[in-house]
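Data from work-v2.cif: mmCIF, N, CA, C and O atoms
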data_start
#
loop_
_atom_site.label_atom_id
_atom_site.label_comp_id
_atom_site.auth_asym_id
_atom_site.auth_seq_id
_atom_site.Cartn_x
_atom_site.Cartn_y
_atom_site.Cartn_z
N MET W 243 -4.71 -5.13 -9.66
CA MET W 243 -5.33 -5.35 -8.37
C MET W 243 -4.43 -4.73 -7.30
O MET W 243 -3.22 -4.88 -7.34
N ALA W 244 -5.01 -4.04 -6.34
CA ALA W 244 -4.26 -3.39 -5.27
C ALA W 244 -4.29 -4.25 -4.01
O ALA W 244 -5.24 -4.98 -3.78
N ASP W 245 -3.23 -4.16 -3.22
CA ASP W 245 -3.19 -4.83 -1.93
C ASP W 245 -4.15 -4.14 -0.99
O ASP W 245 -4.21 -2.93 -0.93
N GLU W 246 -4.89 -4.93 -0.24
CA GLU W 246 -5.78 -4.36 0.77
C GLU W 246 -5.18 -4.48 2.15
O GLU W 246 -5.66 -3.87 3.09
N ILE W 247 -4.14 -5.27 2.29
CA ILE W 247 -3.47 -5.44 3.57
C ILE W 247 -2.05 -4.90 3.43
O ILE W 247 -1.27 -5.42 2.63
N PRO W 248 -1.72 -3.84 4.17
CA PRO W 248 -0.38 -3.28 4.04
C PRO W 248 0.68 -4.29 4.46
O PRO W 248 0.49 -5.07 5.37
N THR W 249 1.79 -4.26 3.77
CA THR W 249 2.92 -5.13 4.12
C THR W 249 4.05 -4.26 4.63
O THR W 249 5.06 -4.07 3.98
N GLY W 250 3.86 -3.71 5.80
CA GLY W 250 4.84 -2.82 6.39
C GLY W 250 4.21 -1.48 6.66
O GLY W 250 3.01 -1.30 6.56
N GLU W 251 5.04 -0.54 7.02
CA GLU W 251 4.54 0.80 7.29
C GLU W 251 5.39 1.82 6.56
O GLU W 251 6.52 1.52 6.16
N PRO W 252 4.86 3.01 6.36
CA PRO W 252 5.63 4.05 5.68
C PRO W 252 6.92 4.36 6.45
O PRO W 252 6.96 4.24 7.68
N VAL W 253 7.95 4.73 5.72
CA VAL W 253 9.24 5.06 6.35
C VAL W 253 9.58 6.51 6.01
O VAL W 253 9.88 6.83 4.87
N PRO W 254 9.52 7.39 7.03
CA PRO W 254 9.88 8.79 6.76
C PRO W 254 11.39 8.94 6.59
O PRO W 254 12.18 8.12 7.07
N GLU W 255 11.77 9.97 5.88
CA GLU W 255 13.19 10.29 5.72
C GLU W 255 13.77 10.67 7.08
O GLU W 255 13.07 11.27 7.90
N PRO W 256 15.03 10.34 7.35
CA PRO W 256 15.64 10.73 8.62
C PRO W 256 15.57 12.26 8.80
O PRO W 256 15.87 13.02 7.89
N GLY W 257 15.14 12.68 9.99
CA GLY W 257 15.03 14.10 10.29
C GLY W 257 13.76 14.77 9.78
O GLY W 257 13.56 15.96 10.01
N ASP W 258 12.90 14.03 9.10
CA ASP W 258 11.64 14.58 8.58
C ASP W 258 10.60 14.57 9.69
O ASP W 258 9.91 13.58 9.91
N THR W 259 10.49 15.67 10.43
CA THR W 259 9.57 15.71 11.57
C THR W 259 8.12 15.60 11.14
O THR W 259 7.32 14.99 11.85
N VAL W 260 7.77 16.16 10.00
CA VAL W 260 6.39 16.03 9.50
C VAL W 260 6.11 14.57 9.14
O VAL W 260 5.05 14.04 9.45
N GLY W 261 7.07 13.94 8.51
CA GLY W 261 6.91 12.53 8.16
C GLY W 261 6.80 11.65 9.39
O GLY W 261 6.02 10.68 9.41
N GLU W 262 7.57 11.96 10.42
CA GLU W 262 7.50 11.19 11.66
C GLU W 262 6.14 11.37 12.34
O GLU W 262 5.57 10.41 12.87
N LEU W 263 5.61 12.59 12.32
CA LEU W 263 4.29 12.83 12.87
C LEU W 263 3.23 12.07 12.06
O LEU W 263 2.31 11.46 12.62
N ALA W 264 3.37 12.11 10.74
CA ALA W 264 2.42 11.38 9.88
C ALA W 264 2.47 9.89 10.18
O ALA W 264 1.42 9.22 10.21
N LEU W 265 3.65 9.34 10.43
CA LEU W 265 3.78 7.92 10.77
C LEU W 265 3.09 7.62 12.09
O LEU W 265 2.40 6.61 12.21
N ARG W 266 3.23 8.50 13.07
CA ARG W 266 2.54 8.30 14.35
C ARG W 266 1.03 8.30 14.16
O ARG W 266 0.32 7.48 14.74
N LEU W 267 0.52 9.20 13.32
CA LEU W 267 -0.92 9.25 13.04
C LEU W 267 -1.37 7.99 12.29
O LEU W 267 -2.44 7.44 12.54
N TRP W 268 -0.54 7.55 11.35
CA TRP W 268 -0.85 6.34 10.58
C TRP W 268 -0.96 5.14 11.52
O TRP W 268 -1.90 4.34 11.43
N ARG W 269 0.00 5.01 12.45
CA ARG W 269 -0.02 3.91 13.41
C ARG W 269 -1.26 4.00 14.31
O ARG W 269 -1.89 2.98 14.60
N ALA W 270 -1.60 5.20 14.76
CA ALA W 270 -2.77 5.38 15.62
C ALA W 270 -4.04 4.99 14.87
O ALA W 270 -4.94 4.36 15.44
N ASP W 271 -4.12 5.33 13.59
CA ASP W 271 -5.28 4.97 12.78
C ASP W 271 -5.39 3.46 12.63
O ASP W 271 -6.49 2.89 12.73
N ARG W 272 -4.26 2.79 12.39
CA ARG W 272 -4.26 1.33 12.26
C ARG W 272 -4.69 0.67 13.58
O ARG W 272 -5.46 -0.28 13.58
N ASP W 273 -4.17 1.20 14.71
CA ASP W 273 -4.56 0.66 16.01
C ASP W 273 -6.05 0.84 16.25
O ASP W 273 -6.72 -0.06 16.76
N ALA W 274 -6.58 2.01 15.89
CA ALA W 274 -8.01 2.28 16.07
C ALA W 274 -8.84 1.33 15.21
O ALA W 274 -9.90 0.84 15.64
N MET W 275 -8.38 1.06 14.00
CA MET W 275 -9.11 0.15 13.11
C MET W 275 -9.13 -1.26 13.70
O MET W 275 -10.18 -1.92 13.74
N ARG W 276 -7.97 -1.73 14.18
CA ARG W 276 -7.91 -3.06 14.80
C ARG W 276 -8.84 -3.12 16.01
O ARG W 276 -9.56 -4.10 16.20
N PHE W 277 -8.80 -2.09 16.86
CA PHE W 277 -9.63 -2.05 18.06
C PHE W 277 -11.11 -2.13 17.68
O PHE W 277 -11.87 -2.89 18.28
N ALA W 278 -11.51 -1.35 16.69
CA ALA W 278 -12.92 -1.34 16.26
C ALA W 278 -13.35 -2.71 15.75
O ALA W 278 -14.47 -3.17 16.04
N LEU W 279 -12.49 -3.38 15.01
CA LEU W 279 -12.82 -4.71 14.50
C LEU W 279 -12.97 -5.71 15.64
O LEU W 279 -13.94 -6.48 15.69
N VAL W 280 -12.01 -5.70 16.57
CA VAL W 280 -12.05 -6.63 17.70
C VAL W 280 -13.28 -6.36 18.57
O VAL W 280 -13.95 -7.29 19.03
N GLU W 281 -13.61 -5.09 18.79
CA GLU W 281 -14.79 -4.75 19.59
C GLU W 281 -16.07 -5.27 18.96
O GLU W 281 -17.04 -5.53 19.65
N ARG W 282 -16.09 -5.44 17.66
CA ARG W 282 -17.26 -5.96 16.96
C ARG W 282 -17.23 -7.49 16.85
O ARG W 282 -18.06 -8.09 16.17
N GLY W 283 -16.21 -8.09 17.47
CA GLY W 283 -16.12 -9.55 17.46
C GLY W 283 -15.43 -10.12 16.24
O GLY W 283 -15.52 -11.32 15.98
N ILE W 284 -14.76 -9.28 15.48
CA ILE W 284 -14.06 -9.74 14.28
C ILE W 284 -12.63 -10.07 14.66
O ILE W 284 -11.92 -9.27 15.26
N ALA W 285 -12.20 -11.27 14.33
CA ALA W 285 -10.85 -11.71 14.66
C ALA W 285 -9.83 -10.94 13.83
O ALA W 285 -10.02 -10.72 12.63
N VAL W 286 -8.75 -10.55 14.47
CA VAL W 286 -7.66 -9.85 13.79
C VAL W 286 -6.37 -10.59 14.11
O VAL W 286 -6.09 -10.86 15.29
N VAL W 287 -5.62 -10.97 13.09
CA VAL W 287 -4.35 -11.65 13.30
C VAL W 287 -3.26 -10.92 12.52
O VAL W 287 -3.53 -10.22 11.56
N ALA W 288 -2.04 -11.11 12.95
CA ALA W 288 -0.89 -10.54 12.25
C ALA W 288 -0.37 -11.57 11.25
O ALA W 288 -0.30 -12.76 11.56
N HIS W 289 -0.02 -11.10 10.08
CA HIS W 289 0.57 -11.97 9.05
C HIS W 289 1.83 -11.31 8.53
O HIS W 289 1.79 -10.18 8.05
N GLN W 290 2.94 -12.00 8.66
CA GLN W 290 4.22 -11.47 8.21
C GLN W 290 4.49 -11.95 6.78
O GLN W 290 4.22 -13.11 6.46
N PRO W 291 5.02 -11.09 5.92
CA PRO W 291 5.38 -11.51 4.56
C PRO W 291 6.30 -12.73 4.60
O PRO W 291 7.22 -12.78 5.42
N GLY W 292 6.00 -13.71 3.78
CA GLY W 292 6.81 -14.92 3.71
C GLY W 292 6.34 -16.01 4.67
O GLY W 292 6.74 -17.16 4.55
N GLU W 293 5.47 -15.67 5.62
CA GLU W 293 4.93 -16.63 6.57
C GLU W 293 3.72 -17.30 5.93
O GLU W 293 2.97 -16.66 5.22
N THR W 294 3.53 -18.59 6.21
CA THR W 294 2.35 -19.25 5.67
C THR W 294 1.11 -18.71 6.36
O THR W 294 1.14 -18.31 7.52
N LEU W 295 0.02 -18.69 5.64
CA LEU W 295 -1.24 -18.20 6.20
C LEU W 295 -1.70 -19.11 7.34
O LEU W 295 -2.29 -18.65 8.31
N ASP W 296 -1.42 -20.41 7.24
CA ASP W 296 -1.78 -21.34 8.30
C ASP W 296 -1.16 -20.94 9.63
O ASP W 296 -1.80 -21.02 10.68
N LEU W 297 0.08 -20.49 9.60
CA LEU W 297 0.76 -20.08 10.82
C LEU W 297 0.10 -18.84 11.42
O LEU W 297 -0.11 -18.76 12.63
N ALA W 298 -0.27 -17.90 10.58
CA ALA W 298 -0.94 -16.68 11.07
C ALA W 298 -2.33 -16.99 11.63
O ALA W 298 -2.77 -16.37 12.59
N LEU W 299 -3.02 -17.96 11.05
CA LEU W 299 -4.38 -18.28 11.47
C LEU W 299 -4.45 -19.31 12.59
O LEU W 299 -5.53 -19.57 13.13
N ALA W 300 -3.32 -19.89 12.99
CA ALA W 300 -3.30 -20.92 14.03
C ALA W 300 -3.99 -20.50 15.32
O ALA W 300 -4.75 -21.28 15.90
N PRO W 301 -3.77 -19.27 15.82
CA PRO W 301 -4.47 -18.89 17.06
C PRO W 301 -5.99 -18.91 16.92
O PRO W 301 -6.70 -19.17 17.89
N LEU W 302 -6.50 -18.68 15.73
CA LEU W 302 -7.95 -18.69 15.51
C LEU W 302 -8.51 -20.11 15.53
O LEU W 302 -9.63 -20.33 15.96
N ARG W 303 -7.72 -21.04 15.05
CA ARG W 303 -8.20 -22.42 14.99
C ARG W 303 -8.53 -22.91 16.40
O ARG W 303 -9.53 -23.58 16.62
N THR W 304 -7.73 -22.55 17.37
CA THR W 304 -7.99 -22.94 18.76
C THR W 304 -9.27 -22.31 19.26
O THR W 304 -10.08 -22.96 19.91
N ARG W 305 -9.48 -21.01 18.94
CA ARG W 305 -10.69 -20.31 19.38
C ARG W 305 -11.94 -20.87 18.73
O ARG W 305 -12.97 -21.03 19.37
N ILE W 306 -11.86 -21.18 17.45
CA ILE W 306 -13.05 -21.62 16.70
C ILE W 306 -13.41 -23.06 17.05
O ILE W 306 -14.56 -23.38 17.30
N HIS W 307 -12.43 -23.95 17.10
CA HIS W 307 -12.70 -25.37 17.31
C HIS W 307 -12.57 -25.81 18.76
O HIS W 307 -12.83 -26.95 19.07
N GLY W 308 -12.13 -24.94 19.62
CA GLY W 308 -12.00 -25.29 21.03
C GLY W 308 -10.77 -26.11 21.35
O GLY W 308 -10.65 -26.69 22.40
N GLY W 309 -9.86 -26.21 20.44
CA GLY W 309 -8.62 -26.97 20.67
C GLY W 309 -7.98 -27.30 19.36
O GLY W 309 -8.50 -27.00 18.30
N THR W 310 -6.83 -27.92 19.41
CA THR W 310 -6.15 -28.29 18.17
C THR W 310 -6.74 -29.58 17.64
O THR W 310 -7.35 -30.37 18.37
N ARG W 311 -6.56 -29.80 16.39
CA ARG W 311 -7.11 -31.01 15.75
C ARG W 311 -6.24 -32.19 16.02
O ARG W 311 -5.12 -32.22 16.15
#
Represent the structure contained in this file as structure tokens.
Amino acid sequence: MADEIPTGEPVPEPGDTVGELALRLWRADRDAMRFALVERGIAVVAHQPGETLDLALAPLRTRIHGGTR
């Protein structure tokens, strides 16, 4: 099974100008994807490796339920 959610971003070799440009394009693509999802009303949250999913989803709970439980 493959991961569908990236856990980090590509790291170009130091001095690799093509790799640095590719990283900028990769970041722009990710930003565009997030923007498109949010524009369609789809919630997008950040999840850090090692963080509980509850912590990442906490901002949504307030939006969905109108407050904390």
Exercise for the section: Name the closest residue to W:Val286 among the candidates W:Val253, W:Ala298, W:Val260, W:Leu265; distances are taken between atoms, counting only N, CA, C and O atoms. Expected result: W:Ala298
Exercise for the section: Using all atoms listed in the file, pick whichever of W:Ala264, W:Glu251, W:Ala288, W:Leu279 has the shortest atom-to-atom distance to W:Ala300. Expected result: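 The closest residue to W:Ala300 is W:Ala288.
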Exercise for the section: Just give me the gap between atom O of W:Arg303 and atom CA of W:Val280 in Å, one decimal is fine. Expected result: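 About the pair atom O of W:Arg303 and atom CA of W:Val280: they are 17.2 Å apart.
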Practice task
Work out how far atom CA of W:Asp271 is from atom CA of W:Leu302, in Å to one decimal.
Solution key: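 Atom-to-atom, atom CA of W:Leu302 and atom CA of W:Asp271 are spaced 24.0 Å apart.
Here the question is which of W:Arg282, W:His289, W:Arg266, W:Arg272 gets nearest to W:Pro252 using only N, CA, C and O atoms, and that residue is W:Arg266.
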Practice task
Tell me, in Å to one decimal, how far atom CA of W:Leu299 is from atom CA of W:Glu281.
Solution key: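 It comes out at 18.9 Å.
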